[in-house]
$ cat upload-v8.json   # JSON, C-alpha atoms
[["chain", "number", "residue", "atom", "x", "y", "z"],
["Q", 646, "MET", "CA", -12.12, 5.97, -7.02],
["Q", 647, "SER", "CA", -9.02, 8.05, -7.76],
["Q", 648, "GLU", "CA", -6.60, 6.42, -10.18],
["Q", 649, "LYS", "CA", -3.69, 7.68, -8.10],
["Q", 650, "ASN", "CA", -4.79, 7.10, -4.48],
["Q", 651, "ILE", "CA", -2.36, 4.94, -2.52],
["Q", 652, "LEU", "CA", -3.22, 3.91, 1.05],
["Q", 653, "PHE", "CA", -0.61, 2.76, 3.58],
["Q", 654, "LEU", "CA", -1.79, 0.76, 6.62],
["Q", 655, "SER", "CA", 0.70, 0.27, 9.45],
["Q", 656, "LYS", "CA", 1.09, -0.29, 13.19],
["Q", 657, "GLY", "CA", 1.19, 3.47, 13.81],
["Q", 658, "LEU", "CA", 3.31, 6.60, 13.52],
["Q", 659, "ASP", "CA", 5.71, 5.49, 16.29],
["Q", 660, "ALA", "CA", 6.87, 2.44, 14.33],
["Q", 661, "ALA", "CA", 10.17, 2.76, 12.49],
["Q", 662, "SER", "CA", 8.73, 0.67, 9.66],
["Q", 663, "THR", "CA", 6.03, 3.32, 9.16],
["Q", 664, "ARG", "CA", 8.58, 6.12, 8.87],
["Q", 665, "TYR", "CA", 11.08, 4.27, 6.68],
["Q", 666, "ARG", "CA", 8.82, 2.01, 4.59],
["Q", 667, "ALA", "CA", 5.87, 4.39, 4.05],
["Q", 668, "LEU", "CA", 6.02, 8.04, 5.10],
["Q", 669, "THR", "CA", 9.49, 8.64, 3.66],
["Q", 670, "TYR", "CA", 8.05, 7.98, 0.16],
["Q", 671, "PHE", "CA", 5.17, 10.46, 0.41],
["Q", 672, "GLU", "CA", 7.03, 13.34, -1.27],
["Q", 673, "PRO", "CA", 8.30, 11.34, -4.28],
["Q", 674, "LEU", "CA", 4.87, 9.73, -4.59],
["Q", 675, "LYS", "CA", 3.23, 13.15, -4.70],
["Q", 676, "SER", "CA", 5.78, 14.28, -7.28],
["Q", 677, "SER", "CA", 4.73, 11.32, -9.43],
["Q", 678, "GLY", "CA", 1.07, 12.25, -9.18],
["Q", 679, "TRP", "CA", 0.04, 9.84, -6.42],
["Q", 680, "GLN", "CA", -2.11, 10.87, -3.45],
["Q", 681, "PRO", "CA", -0.67, 8.97, -0.46],
["Q", 682, "ILE", "CA", -2.66, 8.42, 2.73],
["Q", 683, "HIS", "CA", -1.58, 6.73, 5.96],
["Q", 684, "ILE", "CA", -3.74, 5.12, 8.63],
["Q", 685, "GLY", "CA", -2.34, 3.61, 11.82],
["Q", 686, "MET", "CA", -4.24, 0.42, 12.65],
["Q", 687, "GLU", "CA", -4.62, 1.05, 16.36],
["Q", 688, "SER", "CA", -8.37, 0.81, 17.02],
["Q", 689, "ALA", "CA", -11.73, -0.41, 15.72],
["Q", 690, "ARG", "CA", -12.34, 3.09, 14.36],
["Q", 691, "SER", "CA", -9.09, 3.02, 12.39],
["Q", 692, "ARG", "CA", -10.02, -0.35, 10.90],
["Q", 693, "ALA", "CA", -13.34, 1.06, 9.72],
["Q", 694, "MET", "CA", -11.53, 4.06, 8.24],
["Q", 695, "ALA", "CA", -9.08, 1.74, 6.53],
["Q", 696, "LEU", "CA", -11.83, -0.22, 4.81],
["Q", 697, "HIS", "CA", -13.52, 2.98, 3.70],
["Q", 698, "GLN", "CA", -10.30, 4.39, 2.23],
["Q", 699, "ALA", "CA", -9.35, 1.04, 0.70],
["Q", 700, "SER", "CA", -12.50, 1.11, -1.40],
["Q", 701, "LYS", "CA", -11.34, 4.39, -2.96],
["Q", 702, "ALA", "CA", -7.66, 3.56, -3.44],
["Q", 703, "LYS", "CA", -5.82, 2.32, -6.50],
["Q", 704, "VAL", "CA", -3.27, 0.54, -4.29],
["Q", 705, "VAL", "CA", -3.31, -0.46, -0.61],
["Q", 706, "VAL", "CA", 0.07, -1.20, 1.01],
["Q", 707, "VAL", "CA", 0.02, -3.06, 4.33],
["Q", 708, "VAL", "CA", 3.27, -2.30, 6.18],
["Q", 709, "ARG", "CA", 4.54, -5.00, 8.56],
["Q", 710, "LYS", "CA", 1.05, -5.81, 9.82],
["Q", 711, "THR", "CA", -1.06, -8.97, 9.72],
["Q", 712, "PHE", "CA", -4.80, -9.19, 10.29],
["Q", 713, "ALA", "CA", -7.50, -11.55, 11.48],
["Q", 714, "PRO", "CA", -9.13, -13.54, 8.64],
["Q", 715, "ALA", "CA", -12.41, -11.58, 8.62],
["Q", 716, "PHE", "CA", -10.76, -8.16, 8.28],
["Q", 717, "LEU", "CA", -8.28, -9.43, 5.69],
["Q", 718, "PHE", "CA", -11.15, -10.88, 3.65],
["Q", 719, "LEU", "CA", -12.94, -7.51, 3.59],
["Q", 720, "LEU", "CA", -9.73, -5.63, 2.79],
["Q", 721, "ARG", "CA", -8.97, -7.96, -0.11],
["Q", 722, "ARG", "CA", -12.50, -7.56, -1.46],
["Q", 723, "LEU", "CA", -12.35, -3.75, -1.32],
["Q", 724, "ALA", "CA", -8.77, -3.12, -2.46],
["Q", 725, "GLU", "CA", -8.22, -2.98, -6.19],
["Q", 726, "HIS", "CA", -4.56, -3.83, -5.69],
["Q", 727, "LEU", "CA", -3.12, -5.07, -2.39],
["Q", 728, "VAL", "CA", 0.57, -5.07, -1.42],
["Q", 729, "PHE", "CA", 2.21, -6.57, 1.68],
["Q", 730, "ASP", "CA", 5.44, -4.84, 2.78],
["Q", 731, "LEU", "CA", 7.76, -6.16, 5.49],
["Q", 732, "ASP", "CA", 11.18, -5.40, 6.92],
["Q", 733, "ASP", "CA", 11.27, -7.95, 9.74],
["Q", 734, "ALA", "CA", 10.81, -11.68, 10.22],
["Q", 735, "ILE", "CA", 7.32, -11.15, 11.65],
["Q", 736, "PHE", "CA", 6.53, -14.84, 11.06],
["Q", 737, "LEU", "CA", 8.85, -15.58, 14.02],
["Q", 738, "LYS", "CA", 8.98, -14.64, 17.68],
["Q", 739, "SER", "CA", 11.74, -12.13, 18.49],
["Q", 740, "ASP", "CA", 13.87, -14.95, 19.93],
["Q", 741, "GLY", "CA", 13.86, -16.58, 16.48],
["Q", 742, "SER", "CA", 11.42, -19.38, 17.31],
["Q", 743, "MET", "CA", 8.16, -20.20, 15.54],
["Q", 744, "GLY", "CA", 6.14, -20.19, 18.76],
["Q", 745, "SER", "CA", 2.64, -21.62, 18.34],
["Q", 746, "GLY", "CA", 2.69, -21.21, 14.58],
["Q", 747, "SER", "CA", -0.02, -18.54, 14.59],
["Q", 748, "ARG", "CA", 2.47, -15.93, 13.38],
["Q", 749, "GLU", "CA", 3.32, -18.09, 10.37],
["Q", 750, "LYS", "CA", -0.37, -18.66, 9.60],
["Q", 751, "ARG", "CA", -1.19, -14.94, 9.67],
["Q", 752, "PHE", "CA", 1.89, -14.20, 7.59],
["Q", 753, "SER", "CA", 1.16, -16.85, 4.96],
["Q", 754, "ARG", "CA", -2.49, -15.78, 4.75],
["Q", 755, "ILE", "CA", -1.75, -12.14, 3.90],
["Q", 756, "ALA", "CA", 1.24, -12.95, 1.71],
["Q", 757, "ALA", "CA", -0.85, -15.35, -0.37],
["Q", 758, "CYS", "CA", -3.78, -13.00, -0.96],
["Q", 759, "CYS", "CA", -1.78, -9.93, -2.02],
["Q", 760, "ASP", "CA", -0.95, -8.94, -5.58],
["Q", 761, "GLN", "CA", 2.66, -8.22, -4.63],
["Q", 762, "VAL", "CA", 4.94, -8.66, -1.61],
["Q", 763, "TRP", "CA", 7.68, -6.09, -1.02],
["Q", 764, "VAL", "CA", 10.53, -7.21, 1.25],
["Q", 765, "GLY", "CA", 13.62, -5.57, 2.66],
["Q", 766, "ASN", "CA", 16.12, -8.37, 2.03],
["Q", 767, "GLU", "CA", 16.75, -11.75, 0.41],
["Q", 768, "TYR", "CA", 15.99, -13.78, 3.55],
["Q", 769, "LEU", "CA", 12.49, -12.31, 3.76],
["Q", 770, "ALA", "CA", 12.04, -12.85, 0.03],
["Q", 771, "GLU", "CA", 12.89, -16.54, 0.36],
["Q", 772, "HIS", "CA", 10.31, -16.93, 3.10],
["Q", 773, "ALA", "CA", 7.56, -15.13, 1.19],
["Q", 774, "GLN", "CA", 8.08, -16.82, -2.19],
["Q", 775, "PRO", "CA", 6.32, -20.11, -1.28],
["Q", 776, "TYR", "CA", 3.12, -18.09, -0.76],
["Q", 777, "ASN", "CA", 3.36, -15.54, -3.57],
["Q", 778, "GLU", "CA", 5.17, -15.56, -6.91],
["Q", 779, "CYS", "CA", 5.28, -11.74, -7.09],
["Q", 780, "VAL", "CA", 7.89, -10.99, -4.41],
["Q", 781, "TYR", "CA", 10.18, -7.99, -4.92],
["Q", 782, "GLN", "CA", 13.06, -6.62, -2.89],
["Q", 783, "LEU", "CA", 12.84, -2.98, -1.83],
["Q", 784, "PRO", "CA", 15.63, -2.32, 0.65],
["Q", 785, "THR", "CA", 14.96, -0.08, 3.61],
["Q", 786, "SER", "CA", 16.28, 3.34, 2.61],
["Q", 787, "VAL", "CA", 17.04, 6.74, 4.10],
["Q", 788, "ASN", "CA", 16.43, 10.28, 2.98],
["Q", 789, "MET", "CA", 20.02, 11.47, 2.62],
["Q", 790, "SER", "CA", 19.13, 15.14, 3.06],
["Q", 791, "ALA", "CA", 17.64, 14.42, 6.50],
["Q", 792, "TYR", "CA", 21.13, 13.46, 7.71],
["Q", 793, "ASP", "CA", 22.91, 16.45, 6.16],
["Q", 794, "LYS", "CA", 23.84, 18.07, 9.49],
["Q", 795, "VAL", "CA", 26.72, 20.27, 10.55],
["Q", 796, "ALA", "CA", 28.52, 17.96, 12.97],
["Q", 797, "GLN", "CA", 29.63, 19.18, 16.37],
["Q", 798, "LYS", "CA", 31.93, 16.40, 17.48],
["Q", 799, "ASN", "CA", 33.38, 16.50, 21.00],
["Q", 800, "SER", "CA", 37.19, 16.51, 20.74],
["Q", 801, "ASP", "CA", 37.57, 15.26, 24.32],
["Q", 802, "TYR", "CA", 35.94, 11.92, 23.53],
["Q", 803, "LEU", "CA", 35.88, 9.20, 20.91],
["Q", 804, "ASP", "CA", 32.11, 8.85, 20.69],
["Q", 805, "ILE", "CA", 30.70, 5.54, 19.52],
["Q", 806, "VAL", "CA", 26.97, 5.77, 18.92],
["Q", 807, "TRP", "CA", 24.20, 3.18, 19.03],
["Q", 808, "ILE", "CA", 20.61, 3.99, 18.08],
["Q", 809, "GLY", "CA", 17.74, 1.65, 18.78],
["Q", 810, "SER", "CA", 14.91, 0.72, 21.11],
["Q", 811, "GLN", "CA", 14.18, -1.36, 24.19],
["Q", 812, "SER", "CA", 13.47, -4.38, 21.98],
["Q", 813, "THR", "CA", 16.91, -4.29, 20.34],
["Q", 814, "GLY", "CA", 18.80, -3.12, 23.42],
["Q", 815, "LYS", "CA", 19.76, -6.72, 24.20],
["Q", 816, "TYR", "CA", 22.30, -6.64, 21.37],
["Q", 817, "LEU", "CA", 23.98, -3.56, 22.85],
["Q", 818, "ARG", "CA", 23.98, -5.03, 26.36],
["Q", 819, "GLY", "CA", 25.59, -8.16, 24.95],
["Q", 820, "ILE", "CA", 28.58, -6.19, 23.63],
["Q", 821, "LEU", "CA", 28.91, -3.90, 26.67],
["Q", 822, "PRO", "CA", 31.61, -5.98, 28.45],
["Q", 823, "THR", "CA", 33.74, -5.76, 25.29],
["Q", 824, "LEU", "CA", 33.27, -1.99, 25.06],
["Q", 825, "GLU", "CA", 34.23, -1.70, 28.74],
["Q", 826, "LYS", "CA", 37.37, -3.71, 28.04],
["Q", 827, "ALA", "CA", 38.19, -1.49, 25.07],
["Q", 828, "ALA", "CA", 37.86, 1.61, 27.26],
["Q", 829, "VAL", "CA", 40.86, 0.45, 29.28],
["Q", 830, "GLN", "CA", 43.03, 0.84, 26.18],
["Q", 831, "LEU", "CA", 41.06, 3.80, 24.81],
["Q", 832, "PRO", "CA", 40.23, 5.95, 27.86],
["Q", 833, "GLN", "CA", 38.68, 8.63, 25.62],
["Q", 834, "LEU", "CA", 36.00, 6.15, 24.53],
["Q", 835, "ARG", "CA", 32.41, 7.18, 25.24],
["Q", 836, "LEU", "CA", 29.19, 5.35, 24.35],
["Q", 837, "LYS", "CA", 26.23, 7.41, 23.17],
["Q", 838, "VAL", "CA", 22.92, 5.57, 23.44],
["Q", 839, "ILE", "CA", 20.04, 7.10, 21.47],
["Q", 840, "ALA", "CA", 17.03, 5.14, 22.63],
["Q", 841, "ASP", "CA", 13.89, 4.88, 24.73],
["Q", 842, "PHE", "CA", 15.86, 3.41, 27.65],
["Q", 843, "GLU", "CA", 19.05, 4.15, 29.57],
["Q", 844, "LEU", "CA", 22.22, 2.09, 29.84],
["Q", 845, "HIS", "CA", 24.76, 2.48, 32.63],
["Q", 846, "SER", "CA", 28.31, 1.25, 33.20],
["Q", 847, "GLN", "CA", 30.94, 1.56, 35.92],
["Q", 848, "GLN", "CA", 33.85, 1.11, 33.50],
["Q", 849, "LEU", "CA", 32.68, 3.10, 30.45],
["Q", 850, "THR", "CA", 31.35, 6.63, 30.14],
["Q", 851, "VAL", "CA", 27.81, 6.44, 28.77],
["Q", 852, "LEU", "CA", 25.81, 9.36, 27.44],
["Q", 853, "ASN", "CA", 22.10, 8.51, 27.30],
["Q", 854, "ILE", "CA", 20.15, 10.58, 24.78],
["Q", 855, "PRO", "CA", 16.35, 10.17, 24.63],
["Q", 856, "TRP", "CA", 15.30, 9.34, 21.08],
["Q", 857, "THR", "CA", 13.23, 11.86, 19.16],
["Q", 858, "GLN", "CA", 12.65, 12.03, 15.43],
["Q", 859, "GLU", "CA", 13.67, 15.69, 15.47],
["Q", 860, "THR", "CA", 17.08, 15.16, 17.13],
["Q", 861, "GLU", "CA", 18.24, 11.69, 16.09],
["Q", 862, "ALA", "CA", 20.13, 12.79, 12.95],
["Q", 863, "GLN", "CA", 22.06, 15.53, 14.76],
["Q", 864, "SER", "CA", 22.95, 13.19, 17.63],
["Q", 865, "ILE", "CA", 24.36, 10.67, 15.17],
["Q", 866, "ALA", "CA", 26.28, 13.32, 13.19],
["Q", 867, "ASP", "CA", 27.91, 14.58, 16.38],
["Q", 868, "SER", "CA", 29.43, 11.12, 16.98],
["Q", 869, "HIS", "CA", 32.60, 9.55, 15.59],
["Q", 870, "ILE", "CA", 31.73, 5.86, 15.00],
["Q", 871, "GLY", "CA", 28.44, 4.01, 14.54],
["Q", 872, "ILE", "CA", 28.08, 0.52, 16.02],
["Q", 873, "ALA", "CA", 25.52, -2.20, 15.37],
["Q", 874, "PRO", "CA", 26.22, -5.42, 17.29],
["Q", 875, "MET", "CA", 23.89, -8.30, 16.47],
["Q", 876, "THR", "CA", 23.54, -12.02, 17.08],
["Q", 877, "ASP", "CA", 23.22, -14.62, 14.33],
["Q", 878, "ASP", "CA", 19.76, -16.21, 14.42],
["Q", 879, "PRO", "CA", 16.61, -16.48, 12.26],
["Q", 880, "TRP", "CA", 15.08, -13.29, 13.70],
["Q", 881, "THR", "CA", 18.12, -11.09, 12.99],
["Q", 882, "LYS", "CA", 18.34, -12.47, 9.44],
["Q", 883, "GLY", "CA", 15.12, -10.55, 8.79],
["Q", 884, "LYS", "CA", 16.62, -7.22, 9.88],
["Q", 885, "CYS", "CA", 17.20, -4.66, 7.14],
["Q", 886, "GLY", "CA", 20.14, -2.66, 8.48],
["Q", 887, "LEU", "CA", 18.48, 0.67, 9.27],
["Q", 888, "LYS", "CA", 21.09, 1.59, 11.91],
["Q", 889, "LEU", "CA", 23.90, 1.10, 9.42],
["Q", 890, "LEU", "CA", 22.19, 3.31, 6.85],
["Q", 891, "GLN", "CA", 21.60, 6.08, 9.37],
["Q", 892, "TYR", "CA", 25.27, 6.04, 10.35],
["Q", 893, "MET", "CA", 26.48, 5.93, 6.75],
["Q", 894, "ALA", "CA", 24.14, 8.74, 5.67],
["Q", 895, "SER", "CA", 25.70, 10.79, 8.47],
["Q", 896, "GLY", "CA", 29.22, 10.08, 7.18],
["Q", 897, "LEU", "CA", 30.19, 7.85, 10.10],
["Q", 898, "PRO", "CA", 32.35, 4.73, 9.77],
["Q", 899, "VAL", "CA", 30.55, 1.61, 10.97],
["Q", 900, "ILE", "CA", 31.45, -1.40, 13.07],
["Q", 901, "THR", "CA", 28.93, -4.23, 12.95],
["Q", 902, "SER", "CA", 28.44, -7.97, 13.20],
["Q", 903, "PRO", "CA", 28.73, -9.83, 9.86],
["Q", 904, "TYR", "CA", 25.25, -11.37, 9.97],
["Q", 905, "GLY", "CA", 22.21, -11.06, 7.77],
["Q", 906, "VAL", "CA", 21.93, -8.00, 5.58],
["Q", 907, "ASN", "CA", 24.81, -6.31, 7.44],
["Q", 908, "ALA", "CA", 27.30, -8.28, 5.38],
["Q", 909, "GLU", "CA", 25.56, -7.08, 2.19],
["Q", 910, "ILE", "CA", 25.50, -3.41, 3.14],
["Q", 911, "ILE", "CA", 29.05, -3.21, 4.51],
["Q", 912, "GLU", "CA", 32.14, -3.90, 2.42],
["Q", 913, "HIS", "CA", 34.70, -4.83, 5.05],
["Q", 914, "GLY", "CA", 37.62, -2.47, 5.21],
["Q", 915, "LYS", "CA", 36.05, 0.02, 2.80],
["Q", 916, "THR", "CA", 32.62, 1.16, 3.95],
["Q", 917, "GLY", "CA", 32.89, -0.30, 7.46],
["Q", 918, "LEU", "CA", 34.30, -3.10, 9.57],
["Q", 919, "LEU", "CA", 32.67, -6.52, 10.07],
["Q", 920, "VAL", "CA", 33.63, -8.13, 13.39],
["Q", 921, "GLU", "CA", 32.57, -11.31, 15.17],
["Q", 922, "ASN", "CA", 34.37, -11.61, 18.49],
["Q", 923, "SER", "CA", 35.58, -9.44, 21.34],
["Q", 924, "ASN", "CA", 39.15, -9.13, 20.07],
["Q", 925, "GLN", "CA", 37.95, -8.03, 16.63],
["Q", 926, "TRP", "CA", 35.66, -5.42, 18.17],
["Q", 927, "ILE", "CA", 38.55, -3.96, 20.15],
["Q", 928, "GLU", "CA", 40.87, -4.01, 17.13],
["Q", 929, "ALA", "CA", 38.23, -2.24, 15.04],
["Q", 930, "LEU", "CA", 37.81, 0.49, 17.66],
["Q", 931, "GLN", "CA", 41.59, 0.94, 17.83],
["Q", 932, "THR", "CA", 41.72, 1.26, 14.03],
["Q", 933, "LEU", "CA", 38.99, 3.89, 13.97],
["Q", 934, "ALA", "CA", 40.49, 5.79, 16.87],
["Q", 935, "HIS", "CA", 42.54, 7.46, 14.12],
["Q", 936, "LYS", "CA", 40.75, 10.34, 12.45],
["Q", 937, "GLU", "CA", 42.21, 9.64, 9.03],
["Q", 938, "ALA", "CA", 40.78, 6.11, 9.02],
["Q", 939, "ARG", "CA", 37.39, 7.38, 10.17],
["Q", 940, "ASP", "CA", 37.26, 10.06, 7.49],
["Q", 941, "VAL", "CA", 38.14, 7.73, 4.62],
["Q", 942, "MET", "CA", 35.73, 4.99, 5.66],
["Q", 943, "GLY", "CA", 32.98, 7.46, 6.49],
["Q", 944, "LYS", "CA", 33.17, 9.05, 3.03],
["Q", 945, "GLU", "CA", 33.09, 5.68, 1.29],
["Q", 946, "GLY", "CA", 30.12, 4.58, 3.38],
["Q", 947, "TYR", "CA", 28.24, 7.78, 2.56],
["Q", 948, "LYS", "CA", 28.77, 7.30, -1.17],
["Q", 949, "HIS", "CA", 27.67, 3.66, -0.99],
["Q", 950, "CYS", "CA", 24.53, 4.56, 0.96],
["Q", 951, "ALA", "CA", 23.61, 7.36, -1.45],
["Q", 952, "LYS", "CA", 24.04, 5.06, -4.46],
["Q", 953, "PHE", "CA", 22.21, 1.97, -3.24],
["Q", 954, "TYR", "CA", 20.11, 2.80, -0.17],
["Q", 955, "SER", "CA", 18.74, 6.31, -0.68],
["Q", 956, "VAL", "CA", 15.01, 7.00, -0.90],
["Q", 957, "ALA", "CA", 15.56, 8.39, -4.40],
["Q", 958, "THR", "CA", 17.12, 5.11, -5.57],
["Q", 959, "THR", "CA", 14.58, 2.80, -3.97],
["Q", 960, "TYR", "CA", 11.64, 4.88, -5.10],
["Q", 961, "GLN", "CA", 12.60, 4.25, -8.72],
["Q", 962, "ARG", "CA", 11.98, 0.55, -8.07],
["Q", 963, "MET", "CA", 8.77, 1.22, -6.17],
["Q", 964, "GLU", "CA", 7.41, 3.42, -8.96],
["Q", 965, "LYS", "CA", 7.97, 0.65, -11.54],
["Q", 966, "LEU", "CA", 6.09, -1.82, -9.34],
["Q", 967, "LEU", "CA", 3.20, 0.63, -8.90],
["Q", 968, "CYS", "CA", 3.10, 1.28, -12.63],
["Q", 969, "SER", "CA", 2.64, -2.45, -13.19],
["Q", 970, "PHE", "CA", -0.86, -2.03, -11.73],
["Q", 971, "SER", "CA", -1.91, 0.35, -14.51]]
$ encode --input "upload-v8.json" --output "structure tokens"
Amino acid sequence: MSEKNILFLSKGLDAASTRYRALTYFEPLKSSGWQPIHIGMESARSRAMALHQASKAKVVVVVRKTFAPAFLFLLRRLAEHLVFDLDDAIFLKSDGSMGSGSREKRFSRIAACCDQVWVGNEYLAEHAQPYNECVYQLPTSVNMSAYDKVAQKNSDYLDIVWIGSQSTGKYLRGILPTLEKAAVQLPQLRLKVIADFELHSQQLTVLNIPWTQETEAQSIADSHIGIAPMTDDPWTKGKCGLKLLQYMASGLPVITSPYGVNAEIIEHGKTGLLVENSNQWIEALQTLAHKEARDVMGKEGYKHCAKFYSVATTYQRMEKLLCSFS
């Protein structure tokens, strides 16, 4: 067994949690002498590979994934040190309900048997603490250099950008009538949707941009305002604000709902605007229609992101936790 092998097990390479809770730390881990390995748990073969690699690793980090009792038992037996990492309320259904309770059982089982639990926010920490006394907050973070792009903003439009997936598209669709209403007063308004689906509107110009890892940062940088509408329910309390961080790392001002971790990341009026209802959304868009306001808020948001939510900052915490296994 190598003293510095660290194995990450996740849903797969396509999952945002894999990119932002595991792969993004590979370079700093290597710089600290670790040998990181990732396996996507997508087949019986991958599970066999995971057990083989776990037997040789100093630390195994399970990212946002729960397992059947038999596999978890074997993993716990083979892993010298086992960590559970999560950035979502995976103990709930996406509508915020408990469902049959099987999600909670799988969650509690893995949380209880791990040496440490790493969580993205306080809400997740509170839920994990009844099952494990070694719960630590590691906020989702971004590699600031990945968003260091030369912006090519379209002067004919006021581009508001939303990045996400089919599963979170419901929050964007929920705010669409308000954005259409705002477009009456701000005819230059255009919505850029970076996603794996398309959105269409008769009242608002929409630019649909297929998401790719290679182009997402440039597409965000080329926009003027980042938006992140969200409802207030148990599921969204588990969210870790990735959209906000991507916008802020790109120097964009942010408009978002004041729920969950959003209210922790954004300082209203300084690093972004927190809004609850339709009138507030429209007022926020009117405020940020002015370039001077966008520039000031975007710069403050960038500095805040770099100080508290950069990979470099969060890795310092991760390294201390890993060193505790020595």
$ atom_distance --input "upload-v8.json" --atom1 "CA of Ala791 in chain Q" --atom2 "CA of Gln863 in chain Q"
9.4 Å
$ closest_residue --input "upload-v8.json" --among "Q:Asn777, Q:Thr785, Q:Ser677, Q:Ser739" --to "Phe953 in chain Q" --atoms "all atoms listed in the file"
Q:Thr785
$ residues_around --input "upload-v8.json" --residues "range 904-909 of chain Q" --least-positions-apart "4" --cutoff "7 Å" --atoms "all atoms listed in the file" --output "PyMOL selection string"
chain Q and resi 766+877+881-882+884-886
$ closest_residue --input "upload-v8.json" --among "Q:Glu648, Q:Glu778, Q:Glu767, Q:Asp793" --to "His726 in chain Q" --atoms "all atoms listed in the file"
Q:Glu648
$ residues_around --input "upload-v8.json" --residues "Leu849 in chain Q" --least-positions-apart "4" --cutoff "10 Å" --atoms "only C-alpha atoms" --output "PyMOL selection string"
chain Q and resi 821-822+824-829+832-836+845
$ residues_around --input "upload-v8.json" --residues "range 936-945 of chain Q" --least-positions-apart "3" --cutoff "8 Å" --atoms "all atoms listed in the file" --output "PyMOL selection string"
chain Q and resi 869-870+893+896-899+914-917+932-933+948-949
$ closest_residue --input "upload-v8.json" --among "Q:Leu919, Q:Leu674, Q:Leu720, Q:Ala894" --to "Ala866 in chain Q" --atoms "all atoms listed in the file"
Q:Ala894
$ closest_residue --input "upload-v8.json" --among "Q:Ala689, Q:Leu966, Q:Ala929, Q:Met694" --to "Leu727 in chain Q" --atoms "only C-alpha atoms"
Q:Leu966
$ residues_around --input "upload-v8.json" --residues "Gly871 in chain Q" --least-positions-apart "3" --cutoff "6 Å" --atoms "all atoms listed in the file" --output "PDB file with C-alpha atoms, in the coordinates of the input"
ATOM      1  CA  ILE Q 805      30.700   5.540  19.520  1.00  0.00           C
ATOM      2  CA  VAL Q 806      26.970   5.770  18.920  1.00  0.00           C
ATOM      3  CA  TYR Q 892      25.270   6.040  10.350  1.00  0.00           C
ATOM      4  CA  VAL Q 899      30.550   1.610  10.970  1.00  0.00           C
TER       5      VAL Q 899
END
$ residues_around --input "upload-v8.json" --residues "Thr813 in chain Q" --least-positions-apart "4" --cutoff "12 Å" --atoms "all atoms listed in the file" --output "PDB file with C-alpha atoms, in the frame of the given file"
ATOM      1  CA  SER Q 739      11.740 -12.130  18.490  1.00  0.00           C
ATOM      2  CA  ASP Q 740      13.870 -14.950  19.930  1.00  0.00           C
ATOM      3  CA  TRP Q 807      24.200   3.180  19.030  1.00  0.00           C
ATOM      4  CA  ILE Q 808      20.610   3.990  18.080  1.00  0.00           C
ATOM      5  CA  GLY Q 809      17.740   1.650  18.780  1.00  0.00           C
ATOM      6  CA  LEU Q 817      23.980  -3.560  22.850  1.00  0.00           C
ATOM      7  CA  ARG Q 818      23.980  -5.030  26.360  1.00  0.00           C
ATOM      8  CA  GLY Q 819      25.590  -8.160  24.950  1.00  0.00           C
ATOM      9  CA  VAL Q 838      22.920   5.570  23.440  1.00  0.00           C
ATOM     10  CA  ILE Q 839      20.040   7.100  21.470  1.00  0.00           C
ATOM     11  CA  ALA Q 840      17.030   5.140  22.630  1.00  0.00           C
ATOM     12  CA  ASP Q 841      13.890   4.880  24.730  1.00  0.00           C
ATOM     13  CA  PHE Q 842      15.860   3.410  27.650  1.00  0.00           C
ATOM     14  CA  ALA Q 873      25.520  -2.200  15.370  1.00  0.00           C
ATOM     15  CA  PRO Q 874      26.220  -5.420  17.290  1.00  0.00           C
ATOM     16  CA  MET Q 875      23.890  -8.300  16.470  1.00  0.00           C
ATOM     17  CA  THR Q 876      23.540 -12.020  17.080  1.00  0.00           C
ATOM     18  CA  TRP Q 880      15.080 -13.290  13.700  1.00  0.00           C
ATOM     19  CA  THR Q 881      18.120 -11.090  12.990  1.00  0.00           C
ATOM     20  CA  LYS Q 884      16.620  -7.220   9.880  1.00  0.00           C
ATOM     21  CA  LYS Q 888      21.090   1.590  11.910  1.00  0.00           C
TER      22      LYS Q 888
END
$ atom_distance --input "upload-v8.json" --atom1 "CA of Ser923 in chain Q" --atom2 "CA of Pro879 in chain Q"
22.2 Å
$ closest_residue --input "upload-v8.json" --among "Q:Ala934, Q:Ala770, Q:Val704, Q:Ile865" --to "Gln891 in chain Q" --atoms "only C-alpha atoms"
Q:Ile865
$ closest_residue --input "upload-v8.json" --among "Q:Ser662, Q:Ser742, Q:Gln680, Q:Ser655" --to "Lys710 in chain Q" --atoms "only C-alpha atoms"
Q:Ser655
$ atom_distance --input "upload-v8.json" --atom1 "CA of Gly657 in chain Q" --atom2 "CA of Met686 in chain Q"
6.3 Å
$ residues_near_point --input "upload-v8.json" --point "(19.7, 7.0, 4.4)" --cutoff "6 Å" --atoms "all atoms listed in the file" --output "list in words"
Ser786, Val787, Asn788, Met789, Leu890, Gln891, Ala894 and Ser955 of chain Q
